[in-house]
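J.: What follows is the file start38.cif, containing mmCIF, C-alpha atoms:
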data_protein
#
loop_
_atom_site.label_atom_id
_atom_site.label_comp_id
_atom_site.auth_asym_id
_atom_site.auth_seq_id
_atom_site.Cartn_x
_atom_site.Cartn_y
_atom_site.Cartn_z
CA MET A 19 -33.82 -24.45 16.58
CA SER A 20 -32.89 -20.97 17.66
CA ARG A 21 -29.17 -21.34 17.16
CA LEU A 22 -27.16 -22.90 14.43
CA THR A 23 -24.82 -25.52 15.83
CA LEU A 24 -22.93 -28.14 13.93
CA ASN A 25 -22.42 -31.46 15.60
CA LEU A 26 -18.67 -31.47 15.51
CA SER A 27 -17.04 -34.70 16.54
CA LYS A 28 -13.96 -35.09 18.61
CA PRO A 29 -11.15 -37.02 16.93
CA LYS A 30 -10.79 -40.55 18.19
CA LYS A 31 -8.07 -43.03 17.50
CA GLY A 32 -9.21 -45.62 14.99
CA SER A 33 -12.26 -43.63 13.94
CA LYS A 34 -12.45 -41.56 10.79
CA ILE A 35 -13.38 -37.97 11.44
CA ASP A 36 -16.61 -36.89 9.81
CA PRO A 37 -16.47 -34.56 6.81
CA VAL A 38 -18.53 -31.80 8.41
CA THR A 39 -16.08 -31.46 11.28
CA LEU A 40 -13.11 -31.65 8.97
CA GLY A 41 -14.60 -29.05 6.65
CA TYR A 42 -15.36 -26.71 9.50
CA ILE A 43 -11.95 -27.03 11.15
CA ARG A 44 -10.06 -26.61 7.90
CA GLY A 45 -12.12 -23.61 6.88
CA ARG A 46 -11.78 -22.03 10.28
CA ASN A 47 -8.02 -22.38 10.34
CA ARG A 48 -7.65 -21.11 6.80
CA ASN A 49 -9.88 -18.11 7.43
CA LYS A 50 -8.02 -17.28 10.61
CA MET A 51 -4.70 -17.48 8.87
CA HIS A 52 -5.96 -15.33 5.99
CA SER A 53 -7.35 -12.71 8.35
CA PHE A 54 -4.11 -12.77 10.28
CA ILE A 55 -1.99 -12.15 7.19
CA LEU A 56 -4.31 -9.35 6.04
CA LYS A 57 -4.11 -7.76 9.47
CA LEU A 58 -0.36 -8.06 9.56
CA LEU A 59 -0.15 -6.31 6.20
CA ARG A 60 -2.60 -3.61 7.20
CA ASP A 61 -0.90 -2.87 10.49
CA SER A 62 2.53 -2.75 8.88
CA GLY A 63 1.52 0.06 6.54
CA MET A 64 3.06 -1.86 3.65
CA THR A 65 1.32 -2.60 0.39
CA LYS A 66 1.13 -5.89 -1.45
CA THR A 67 3.48 -4.35 -3.99
CA ASP A 68 5.99 -3.67 -1.23
CA VAL A 69 5.82 -7.30 -0.16
CA ALA A 70 6.18 -8.45 -3.76
CA GLU A 71 9.24 -6.32 -4.15
CA ILE A 72 10.86 -7.68 -1.00
CA LEU A 73 10.19 -11.25 -2.04
CA GLY A 74 11.16 -10.68 -5.68
CA LYS A 75 7.72 -11.72 -6.85
CA ARG A 76 5.37 -10.22 -9.38
CA PRO A 77 2.47 -8.19 -7.97
CA GLU A 78 0.06 -10.66 -9.54
CA GLN A 79 1.55 -13.36 -7.33
CA MET A 80 0.71 -11.26 -4.28
CA THR A 81 -2.82 -10.82 -5.55
CA ARG A 82 -3.15 -14.59 -5.69
CA TRP A 83 -1.59 -15.15 -2.29
CA PHE A 84 -3.68 -12.53 -0.55
CA GLY A 85 -6.71 -13.32 -2.67
CA GLY A 86 -8.01 -16.13 -0.52
CA PRO A 87 -7.10 -18.49 2.26
CA GLY A 88 -6.95 -21.43 -0.13
CA ASN A 89 -4.01 -19.95 -1.97
CA MET A 90 -1.73 -19.96 1.04
CA THR A 91 0.73 -22.68 1.84
CA ILE A 92 3.03 -22.87 4.82
CA ASP A 93 5.79 -21.57 2.58
CA THR A 94 3.60 -18.68 1.49
CA ILE A 95 2.76 -17.76 5.04
CA SER A 96 6.39 -18.01 6.04
CA ASP A 97 7.45 -15.74 3.18
CA ILE A 98 4.77 -13.15 3.85
CA VAL A 99 5.33 -13.03 7.60
CA PHE A 100 9.07 -12.72 7.13
CA ALA A 101 8.75 -10.05 4.45
CA ILE A 102 6.38 -7.96 6.53
CA SER A 103 7.69 -8.42 10.03
CA GLY A 104 11.18 -9.87 9.74
CA SER A 105 10.05 -12.78 11.89
CA PHE A 106 10.14 -16.49 11.35
CA VAL A 107 7.98 -19.24 12.68
CA HIS A 108 9.04 -21.67 15.34
CA ILE A 109 6.92 -24.58 16.49
CA SER A 110 6.67 -25.28 20.19
CA GLU A 111 4.28 -26.95 22.55
CA ASP A 112 2.44 -25.36 25.37
CA ASP A 113 0.39 -27.36 27.79
CA ALA A 114 -1.37 -24.39 29.29
CA HIS A 115 -5.09 -24.90 29.13
CA LYS A 116 -8.14 -23.16 30.36
CA THR A 117 -11.66 -24.33 29.93
CA ALA A 118 -14.01 -22.01 28.15
CA PRO A 119 -17.18 -21.04 29.97
CA PRO A 120 -20.59 -22.14 28.70
CA ARG A 121 -22.14 -19.69 26.28
CA ASN A 122 -25.61 -18.35 26.76
CA ARG A 123 -27.51 -15.83 24.78
CA ARG A 124 -26.02 -12.46 25.56
CA SER A 125 -26.81 -8.89 24.80
CA ARG A 126 -24.59 -6.88 22.51
CA SER A 127 -22.96 -5.09 25.41
CA GLU A 128 -22.16 -8.41 27.02
CA LYS A 129 -20.69 -9.66 23.77
CA GLU A 130 -18.50 -6.63 23.48
CA ALA A 131 -17.35 -6.98 27.04
CA ALA A 132 -16.53 -10.65 26.70
CA ALA A 133 -12.89 -11.33 26.06
CA PRO A 134 -11.82 -14.37 24.08
CA MET A 135 -10.75 -17.17 26.36
CA PRO A 136 -7.20 -18.33 26.14
CA GLY A 137 -6.96 -21.96 25.29
CA GLY A 138 -4.66 -24.86 25.46
CA HIS A 139 -2.65 -25.05 22.31
CA VAL A 140 0.04 -26.40 20.04
CA ALA A 141 1.50 -23.55 18.48
CA LEU A 142 3.78 -22.06 16.02
CA ARG A 143 5.98 -19.44 17.39
CA SER A 144 7.72 -16.81 15.42
CA VAL A 145 11.07 -15.77 16.70
CA SER A 146 12.86 -12.63 15.75
CA SER A 147 15.48 -13.24 13.12
CA THR A 148 17.95 -11.06 14.90
CA ALA A 149 19.42 -11.22 18.37
CA ASP A 150 19.38 -7.47 18.56
CA THR A 151 16.23 -6.63 20.45
CA SER A 152 16.93 -2.94 20.69
CA ASN A 153 14.77 -2.32 17.64
CA ALA A 154 11.93 -4.34 19.13
CA ARG A 155 11.58 -6.57 16.11
CA PRO A 156 8.13 -8.07 15.87
CA THR A 157 7.61 -11.69 16.74
CA LEU A 158 4.91 -14.13 15.83
CA ARG A 159 3.64 -16.99 17.94
CA VAL A 160 1.24 -19.57 16.67
CA ILE A 161 0.37 -21.83 19.54
CA VAL A 162 -1.48 -25.07 18.92
CA LYS A 163 -2.14 -26.87 22.16
CA PRO A 164 -2.64 -30.60 22.49
CA ASN A 165 -6.38 -30.17 22.91
CA GLY A 166 -6.60 -28.55 19.50
CA GLN A 167 -6.81 -24.92 20.45
CA THR A 168 -4.64 -22.66 18.42
CA GLU A 169 -3.63 -19.09 18.83
CA ILE A 170 -1.46 -16.65 16.97
CA ALA A 171 0.14 -13.72 18.66
CA THR A 172 2.55 -11.14 17.36
CA THR A 173 4.26 -8.32 19.11
CA GLU A 174 5.48 -5.22 17.43
CA SER A 175 6.87 -1.94 18.58
CA SER A 176 3.50 -0.45 17.79
CA GLY A 177 1.66 -2.93 19.95
CA ALA A 178 0.66 -6.54 20.19
CA HIS A 179 -1.49 -8.65 17.93
CA ARG A 180 -3.22 -11.68 19.23
CA ILE A 181 -5.35 -13.84 17.05
CA LYS A 182 -6.92 -17.07 18.15
CA LEU A 183 -7.01 -19.87 15.67
CA ASN A 184 -9.51 -22.66 15.78
CA PRO A 185 -9.82 -23.03 19.50
CA VAL A 186 -11.40 -26.43 19.92
CA THR A 187 -12.45 -27.58 23.33
CA SER A 188 -14.15 -30.69 24.51
CA GLU A 189 -17.21 -28.57 25.09
CA ALA A 190 -17.36 -27.65 21.43
CA ILE A 191 -16.62 -31.10 20.18
CA GLY A 192 -18.44 -33.81 21.94
CA MET B 17 -47.82 2.59 21.11
CA ARG B 18 -49.64 2.84 17.81
CA LEU B 19 -48.90 5.31 15.10
CA PRO B 20 -50.85 6.25 12.01
CA THR B 21 -50.03 4.37 8.86
CA ILE B 22 -47.05 5.80 7.11
CA ASP B 23 -45.87 4.79 3.68
CA GLY B 24 -42.30 3.72 3.31
CA SER B 25 -39.67 2.58 5.69
CA LEU B 26 -38.86 4.52 8.77
CA ALA B 27 -36.16 2.29 10.10
CA LEU B 28 -33.15 3.89 11.64
CA HIS B 29 -30.26 1.54 11.44
CA ASN B 30 -27.36 3.03 13.25
CA ARG B 31 -27.76 0.82 16.24
CA CYS B 32 -29.84 -2.25 16.71
CA SER B 33 -31.31 -0.76 19.81
CA THR B 34 -32.66 2.13 17.79
CA ILE B 35 -36.39 2.27 17.58
CA CYS B 36 -37.79 1.31 14.23
CA PHE B 37 -41.26 1.12 12.84
CA ASN B 38 -42.74 -2.14 11.84
CA SER B 39 -45.82 -2.58 9.72
CA HIS B 40 -48.46 -4.95 10.94
CA ALA B 41 -51.13 -6.88 9.15
CA LYS B 42 -53.83 -4.35 9.83
CA GLY B 43 -51.81 -1.60 8.23
CA ASP B 44 -50.99 0.10 11.48
CA LEU B 45 -47.46 0.72 12.51
CA THR B 46 -46.03 -0.05 15.87
CA TYR B 47 -42.53 0.49 16.99
CA MET B 48 -40.05 -1.89 18.48
CA SER B 49 -36.34 -2.13 18.58
CA ILE B 50 -34.63 -4.11 15.87
CA GLU B 51 -33.20 -6.29 18.59
CA SER B 52 -36.70 -7.11 19.84
CA MET B 53 -37.82 -7.84 16.32
CA LEU B 54 -34.92 -10.21 15.77
CA GLU B 55 -35.66 -11.96 19.04
CA ARG B 56 -39.25 -12.42 17.98
CA LEU B 57 -38.24 -13.85 14.61
CA VAL B 58 -35.85 -16.24 16.35
CA ASP B 59 -38.53 -17.28 18.82
CA GLU B 60 -40.93 -17.95 15.98
CA GLY B 61 -38.35 -20.00 14.09
CA ASP B 62 -38.10 -17.70 11.09
CA LEU B 63 -34.49 -16.82 11.84
CA ILE B 64 -31.72 -18.81 13.44
CA GLU B 65 -28.92 -17.10 15.26
CA CYS B 66 -25.45 -18.05 14.19
CA ALA B 67 -23.41 -18.00 17.38
CA PRO B 68 -19.72 -18.85 17.31
CA GLN B 69 -19.41 -22.58 16.90
CA LEU B 70 -16.56 -22.74 19.38
CA PRO B 71 -17.42 -21.53 22.87
CA SER B 72 -14.05 -19.93 23.40
CA ASP B 73 -14.36 -17.65 20.39
CA ALA B 74 -15.22 -13.98 20.64
CA TRP B 75 -18.70 -12.92 19.59
CA ALA B 76 -18.24 -9.64 17.84
CA ARG B 77 -20.89 -9.45 15.13
CA ASP B 78 -24.38 -10.84 14.69
CA LEU B 79 -25.44 -13.14 11.90
CA TYR B 80 -28.90 -14.57 11.49
CA ILE B 81 -29.83 -17.09 8.86
CA THR B 82 -33.20 -18.05 7.49
CA LYS B 83 -34.65 -21.45 8.18
CA VAL B 84 -33.99 -22.42 4.57
CA ILE B 85 -30.26 -21.94 5.03
CA ALA B 86 -30.32 -23.63 8.42
CA ASP B 87 -31.93 -26.67 6.85
CA GLU B 88 -29.18 -26.77 4.25
CA LEU B 89 -26.57 -26.67 6.99
CA ASP B 90 -28.25 -29.27 9.14
CA SER B 91 -25.84 -32.15 9.23
CA ASN B 92 -28.50 -34.63 10.31
CA GLY B 93 -29.20 -36.94 7.45
CA TRP B 94 -26.33 -35.87 5.28
CA GLU B 95 -25.23 -38.82 3.27
CA ASP B 96 -23.14 -36.90 0.78
CA ALA B 97 -19.71 -36.54 2.39
CA GLU B 98 -18.61 -33.94 -0.14
CA LEU B 99 -21.63 -31.81 0.62
CA GLY B 100 -21.07 -32.18 4.34
CA TYR B 101 -17.48 -31.11 3.93
CA ARG B 102 -18.51 -28.07 1.89
CA PHE B 103 -21.12 -26.93 4.35
CA GLY B 104 -18.68 -27.41 7.21
CA GLN B 105 -16.51 -24.87 5.44
CA LEU B 106 -19.46 -22.57 4.82
CA ARG B 107 -20.16 -22.65 8.55
CA SER B 108 -16.58 -21.61 9.16
CA ASP B 109 -17.12 -18.66 6.82
CA PHE B 110 -20.11 -17.63 8.93
CA ASP B 111 -17.87 -17.78 11.96
CA ARG B 112 -15.33 -15.56 10.25
CA PHE B 113 -17.94 -12.85 10.29
CA VAL B 114 -19.36 -13.60 13.72
CA VAL B 115 -16.12 -13.76 15.67
CA GLY B 116 -14.94 -10.45 14.26
CA ASP B 117 -12.02 -11.56 12.14
CA LEU B 118 -10.58 -9.08 9.68
CA ILE B 119 -12.58 -9.25 6.47
CA GLU B 120 -12.33 -7.47 3.15
CA VAL B 121 -15.53 -5.73 2.13
CA ALA B 122 -16.35 -4.46 -1.36
CA LEU B 123 -18.86 -1.68 -1.88
CA ASP B 124 -18.63 -1.74 -5.66
CA PRO B 125 -20.62 -4.71 -6.95
CA TYR B 126 -18.90 -4.64 -10.31
CA ASP B 127 -15.28 -4.03 -9.40
CA LYS B 128 -14.10 -6.13 -6.50
CA PRO B 129 -11.06 -8.28 -5.83
CA LYS B 130 -11.29 -12.02 -5.43
CA SER B 131 -10.32 -11.65 -1.81
CA ALA B 132 -13.48 -9.75 -0.90
CA PHE B 133 -15.28 -11.70 1.80
CA MET B 134 -18.43 -9.64 1.42
CA ALA B 135 -19.56 -7.64 -1.57
CA ARG B 136 -22.51 -5.40 -2.21
CA LEU B 137 -24.91 -6.46 -4.94
CA GLY B 138 -26.25 -4.17 -7.59
CA PRO B 139 -28.31 -2.13 -7.66
CA THR B 140 -26.83 -0.93 -4.37
CA SER B 141 -29.96 0.95 -3.40
CA ARG B 142 -31.57 -2.38 -2.51
CA GLY B 143 -29.04 -2.92 0.25
CA LEU B 144 -28.30 -6.52 -0.63
CA TRP B 145 -24.93 -8.21 -0.12
CA SER B 146 -23.32 -11.54 -0.63
CA ILE B 147 -20.97 -13.44 1.62
CA ARG B 148 -18.55 -14.99 -0.83
CA SER B 149 -17.72 -18.50 0.26
CA THR B 150 -15.22 -19.20 -2.47
CA GLU B 151 -13.39 -22.26 -1.23
CA PRO B 152 -13.45 -25.08 -1.86
CA ARG B 153 -15.38 -25.46 -5.07
CA PRO B 154 -18.25 -25.19 -5.66
CA ALA B 155 -18.23 -21.56 -4.60
CA ILE B 156 -21.32 -20.47 -2.69
CA ARG B 157 -22.88 -17.06 -2.45
CA VAL B 158 -24.93 -16.25 0.62
CA LEU B 159 -27.28 -13.41 -0.19
CA GLY B 160 -28.45 -11.17 2.59
CA ALA B 161 -28.55 -7.68 4.00
CA PHE B 162 -27.57 -5.68 7.04
CA ILE B 163 -30.44 -4.67 9.25
CA CYS B 164 -28.13 -2.48 11.25
CA GLN B 165 -24.43 -2.06 11.81
CA ASP B 166 -22.71 -5.39 12.53
CA THR B 167 -25.90 -7.38 12.12
CA PHE B 168 -26.33 -9.36 8.92
CA ILE B 169 -29.36 -11.33 7.86
CA ALA B 170 -28.45 -14.21 5.53
CA LEU B 171 -31.48 -14.84 3.35
CA CYS B 172 -30.58 -17.54 0.82
CA THR B 173 -27.67 -19.37 -0.72
CA CYS B 174 -26.76 -19.98 -4.36
CA LEU B 175 -24.07 -21.97 -6.05
CA ARG B 176 -21.97 -19.47 -7.97
CA ARG B 177 -21.76 -21.78 -10.97
CA GLU B 178 -25.54 -21.66 -11.29
CA LEU B 179 -25.51 -17.88 -11.55
CA ASP B 180 -24.54 -15.84 -14.57
CA GLY B 181 -22.93 -12.41 -14.86
CA PRO B 182 -23.73 -9.62 -12.40
CA ASN B 183 -26.55 -8.24 -14.51
CA GLY B 184 -27.69 -11.55 -15.88
CA PRO B 185 -31.20 -12.88 -15.38
CA LEU B 186 -30.17 -15.64 -12.96
CA TRP B 187 -28.38 -13.21 -10.68
CA GLN B 188 -31.31 -10.85 -10.84
CA GLN B 189 -33.66 -13.66 -9.98
CA ALA B 190 -31.52 -14.60 -6.98
CA ILE B 191 -31.49 -10.97 -5.88
CA ASN B 192 -35.24 -10.72 -6.29
CA ASN B 193 -35.68 -13.87 -4.22
CA ALA B 194 -33.53 -12.43 -1.47
CA ASP B 195 -35.45 -9.19 -1.66
CA ALA B 196 -38.74 -11.05 -1.32
CA ARG B 197 -37.51 -12.97 1.70
CA TRP B 198 -36.38 -9.78 3.32
CA ALA B 199 -39.76 -8.20 2.71
CA SER B 200 -41.56 -11.14 4.27
CA LEU B 201 -39.31 -11.09 7.34
CA PHE B 202 -39.15 -7.35 7.80
CA PRO B 203 -42.22 -5.79 6.23
CA GLY B 204 -41.88 -2.06 5.87
CA ILE B 205 -38.23 -2.02 6.83
CA LYS B 206 -35.50 -1.47 4.31
CA PRO B 207 -32.02 -2.94 4.60
CA LEU B 208 -29.23 -0.70 5.73
CA VAL B 209 -27.84 1.34 2.85
CA GLU B 210 -24.70 3.36 3.49
CA GLU B 211 -21.70 4.46 1.50
CA GLU B 212 -18.94 3.64 3.97
CA VAL B 213 -17.84 0.19 4.97
CA SER B 214 -17.51 1.25 8.60
CA ARG B 215 -21.24 2.00 8.69
CA TYR B 216 -21.88 -1.66 7.94
CA VAL B 217 -19.08 -3.30 9.89
CA SER B 218 -17.71 -1.27 12.75
CA ALA B 219 -14.31 -2.90 13.14
CA ASN B 220 -11.85 -5.16 11.39
CA ALA B 221 -13.28 -4.54 7.93
CA GLU B 222 -11.08 -3.40 5.09
CA PRO B 223 -12.72 -1.60 2.19
CA VAL B 224 -11.48 -3.10 -1.06
#
Written as structure tokens, how would this file's structure read?
T.:
Amino acid sequence: MSRLTLNLSKPKKGSKIDPVTLGYIRGRNRNKMHSFILKLLRDSGMTKTDVAEILGKRPEQMTRWFGGPGNMTIDTISDIVFAISGSFVHISEDDAHKTAPPRNRRSRSEKEAAAPMPGGHVALRSVSSTADTSNARPTLRVIVKPNGQTEIATTESSGAHRIKLNPVTSEAIG
Amino acid sequence: MRLPTIDGSLALHNRCSTICFNSHAKGDLTYMSIESMLERLVDEGDLIECAPQLPSDAWARDLYITKVIADELDSNGWEDAELGYRFGQLRSDFDRFVVGDLIEVALDPYDKPKSAFMARLGPTSRGLWSIRSTEPRPAIRVLGAFICQDTFIALCTCLRRELDGPNGPLWQQAINNADARWASLFPGIKPLVEEEVSRYVSANAEPV
């Protein structure tokens, strides 16, 4: 074995998903969401104390929320995203899908040059809370496509953020 | 090319392609790139490369695990569903590093927030780190070291509940075990030791 690969199973109707797959998928989504929130905070220039103040929470609460992916609920994420970016989350479907290419061993330069593949997704989408677009309010999109691929993207006046969440393809899950 | 025997490590870690010196059984030193050395260890089965589990993910950092850890993660033969679930999550933590997600990195072994994904272990001169897989319980610590920037070698795992305080004997034993595994994999080469997070992880790493 030269590469570590879990045997993830594809969900099937009437068949219970195995715990390894479930553990991996849950962990992956949680980690992605945690990294996304940390990045949103970092890029905003705000501190956790600033967010606490906006939400009327104690700083210790922020420490817990930001302290690990397991401490975040949908409500938590909603609060944090809104406090930082003024955006809210909207769920929509997107049938767009592209198949990821097979992966072979690559050199570092090839890895760096490789761009993440967009995937089919269902997704959450964050829509600006104001109709006034003159201030270029940031927006957040979390797209989870029917094939299980998920992606988060935000746009801000300072630039765009795009974070892929748990992109699962039939190649990865057999 | 053969060089006279030199005591101590001569590894230069800034880039994996940098030439380093590797001691051989006869006491001579030869040089090879760290990348070549890693490829050899993978070919010989001593290390296993942790590529992104999902083909569509980016591959931004390198993580190699020892065979011992790979055996723990091998889902074949798992009958304990809880264990399988936990190791599925540990694998996702490995991917968090490999795909280049934003991570929080603590240089101070004794003063770090709970959110730190990676933390240096004391004494810091040994260059050992832990990946802190905190959720769900039981928390797992993956001890390892950077051989160069963005390339981490995971040496062994421990359940956090089976370790004591940072300077306790159980922690020290775990650190010594990791140290010994490093020495057997990379004789004559010391782990990367730097004082800035960016020297360990080039991008998307927040010092905490």
J.: Looking at all atoms listed in the file, which of A:Pro87, A:Pro77, A:Ile72, A:Met64 is the one that sits closest to chain B?
T.: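 Among the listed residues, A:Pro87 lies closest to chain B.
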J.: Which is closest to B:Ala132 among B:Ala67, B:Leu144, B:Leu118, B:Ala76, if we use all atoms listed in the file?
T.: B:Leu118
J.: Please compute the atom CA of B:Met53-atom CA of B:Ser146 distance, one decimal, in Å.
T.: 22.6 Å
J.: Apply the PyMOL selection byres ((chain B and resi 182) around 8) to the displayed file and report the matching residues as a ChimeraX atom specification.
T.: /B:125-126,138,180-181,183-184,187-188
J.: Can you write out the residues you just picked, keeping C-alpha atoms, as a PDB file, keeping the file's coordinate frame?
T.:
ATOM      1  CA  PRO B 125     -20.620  -4.710  -6.950  1.00  0.00           C
ATOM      2  CA  TYR B 126     -18.900  -4.640 -10.310  1.00  0.00           C
ATOM      3  CA  GLY B 138     -26.250  -4.170  -7.590  1.00  0.00           C
ATOM      4  CA  ASP B 180     -24.540 -15.840 -14.570  1.00  0.00           C
ATOM      5  CA  GLY B 181     -22.930 -12.410 -14.860  1.00  0.00           C
ATOM      6  CA  ASN B 183     -26.550  -8.240 -14.510  1.00  0.00           C
ATOM      7  CA  GLY B 184     -27.690 -11.550 -15.880  1.00  0.00           C
ATOM      8  CA  TRP B 187     -28.380 -13.210 -10.680  1.00  0.00           C
ATOM      9  CA  GLN B 188     -31.310 -10.850 -10.840  1.00  0.00           C
TER      10      GLN B 188
END
J.: Take every atom of stretch 114-118 of chain B listed in the file, fit an axis-aligned box around them, add 5 Å per side, and give the centre and edge lengths in Å to one decimal as AutoDock Vina command-line options.
T.:
--center_x -15.0 --center_y -11.4 --center_z 12.7 --size_x 18.8 --size_y 14.7 --size_z 16.0
J.: Hey, could you make a per-residue contact list for chain B against chain A with 6 Å as the cut-off, showing the nearest pair of atoms and its distance in Å to one decimal, counting all atoms listed in the file, sorted by chain and number, as a tab-separated table?
T.:
residue	atom	partner	partner_atom	distance
B:Val58	CA	A:Ser20	CA	5.7
B:Ile64	CA	A:Ser20	CA	4.9
B:Glu65	CA	A:Arg21	CA	4.7
B:Cys66	CA	A:Leu22	CA	5.1
B:Leu70	CA	A:Ala190	CA	5.4
B:Ser72	CA	A:Ala118	CA	5.2
B:Asp73	CA	A:Pro134	CA	5.6
B:Ala74	CA	A:Pro134	CA	4.9
B:Trp75	CA	A:Lys129	CA	5.7
B:Ala97	CA	A:Pro37	CA	5.8
B:Gly100	CA	A:Val38	CA	4.8
B:Tyr101	CA	A:Gly41	CA	4.5
B:Gly104	CA	A:Tyr42	CA	4.1
B:Gln105	CA	A:Tyr42	CA	4.6
B:Ser108	CA	A:Arg46	CA	4.9
B:Leu118	CA	A:Ser53	CA	5.0
B:Lys130	CA	A:Gly85	CA	5.5
B:Ser131	CA	A:Gly85	CA	4.1
J.: Pick the closest to B:Thr150 from B:Leu175, B:Val84, B:Leu57, B:Leu208: which is it, counting all atoms listed in the file?
T.: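 The closest residue to B:Thr150 is B:Leu175.
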J.: Report, in Å to a single decimal, how far apart atom CA of B:Pro152 and atom CA of A:Leu58 are.
T.: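 Between atom CA of A:Leu58 and atom CA of B:Pro152 the gap works out to 24.3 Å.
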J.: Residues at most 9 Å from stretch 156-162 of chain B, counting all atoms listed in the file, excluding those fewer than 2 positions away in the same chain, as a ChimeraX atom specification?
T.: /B:29,81,85,106,136-137,142-151,153-154,164-177,190-191,194-195,198,207-209,216
J.: State, in Å with one decimal place, the distance from atom CA of B:Thr82 to atom CA of B:Leu201.
T.: 9.3 Å
J.: Step by step, work through what the PyMOL selection byres ((chain B and resi 219) around 10) selects in the shown file, and finish by giving those residues as JSON, numbers by chain.
T.: {"B": [76, 77, 116, 117, 118, 119, 166, 213, 214, 215, 216, 217, 218, 220, 221, 222]}
J.: Looking at B:Asp111, B:Glu95, B:Glu88, B:Asp59, which one is nearest to B:Pro71, with distances taken over all atoms listed in the file?
T.: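 Of the candidates, the smallest distance to B:Pro71 is held by B:Asp111.
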J.: From the coordinates supplied, stretch 74-90 of chain A should be written with N, CA and C atoms, as a CSV table (one decimal), in the first residue's frame.
T.:
chain,number,residue,atom,x,y,z
A,74,GLY,N,-24.1,40.1,20.8
A,74,GLY,CA,-24.6,40.2,22.2
A,74,GLY,C,-24.2,39.0,23.0
A,75,LYS,N,-23.1,38.3,22.6
A,75,LYS,CA,-22.7,37.1,23.3
A,75,LYS,C,-21.4,37.4,24.2
A,76,ARG,N,-21.1,36.6,25.1
A,76,ARG,CA,-19.9,36.7,25.9
A,76,ARG,C,-18.7,36.2,25.0
A,77,PRO,N,-17.6,36.8,25.2
A,77,PRO,CA,-16.4,36.3,24.5
A,77,PRO,C,-16.1,34.8,24.6
A,78,GLU,N,-16.4,34.3,25.8
A,78,GLU,CA,-16.2,32.9,26.0
A,78,GLU,C,-17.1,32.0,25.1
A,79,GLN,N,-18.2,32.5,24.8
A,79,GLN,CA,-19.1,31.8,23.8
A,79,GLN,C,-18.5,31.7,22.5
A,80,MET,N,-17.8,32.8,22.1
A,80,MET,CA,-17.1,32.8,20.8
A,80,MET,C,-16.0,31.8,20.8
A,81,THR,N,-15.3,31.8,21.9
A,81,THR,CA,-14.2,30.8,22.1
A,81,THR,C,-14.7,29.4,21.8
A,82,ARG,N,-15.8,29.1,22.4
A,82,ARG,CA,-16.4,27.8,22.2
A,82,ARG,C,-16.8,27.6,20.7
A,83,TRP,N,-17.5,28.5,20.2
A,83,TRP,CA,-18.0,28.4,18.8
A,83,TRP,C,-16.8,28.2,17.8
A,84,PHE,N,-15.8,29.0,18.0
A,84,PHE,CA,-14.7,29.0,17.1
A,84,PHE,C,-13.7,27.9,17.5
A,85,GLY,N,-13.9,27.3,18.6
A,85,GLY,CA,-12.9,26.4,19.2
A,85,GLY,C,-12.8,25.0,18.5
A,86,GLY,N,-13.9,24.7,17.7
A,86,GLY,CA,-13.8,23.4,17.0
A,86,GLY,C,-15.0,23.2,16.2
A,87,PRO,N,-14.9,22.4,15.2
A,87,PRO,CA,-16.1,22.2,14.3
A,87,PRO,C,-17.3,21.6,15.0
A,88,GLY,N,-17.0,20.8,16.0
A,88,GLY,CA,-18.1,20.1,16.7
A,88,GLY,C,-19.0,21.0,17.5
A,89,ASN,N,-18.5,22.3,17.7
A,89,ASN,CA,-19.3,23.2,18.5
A,89,ASN,C,-20.2,24.1,17.7
A,90,MET,N,-20.3,23.8,16.4
A,90,MET,CA,-21.1,24.7,15.5
A,90,MET,C,-22.3,24.0,15.1
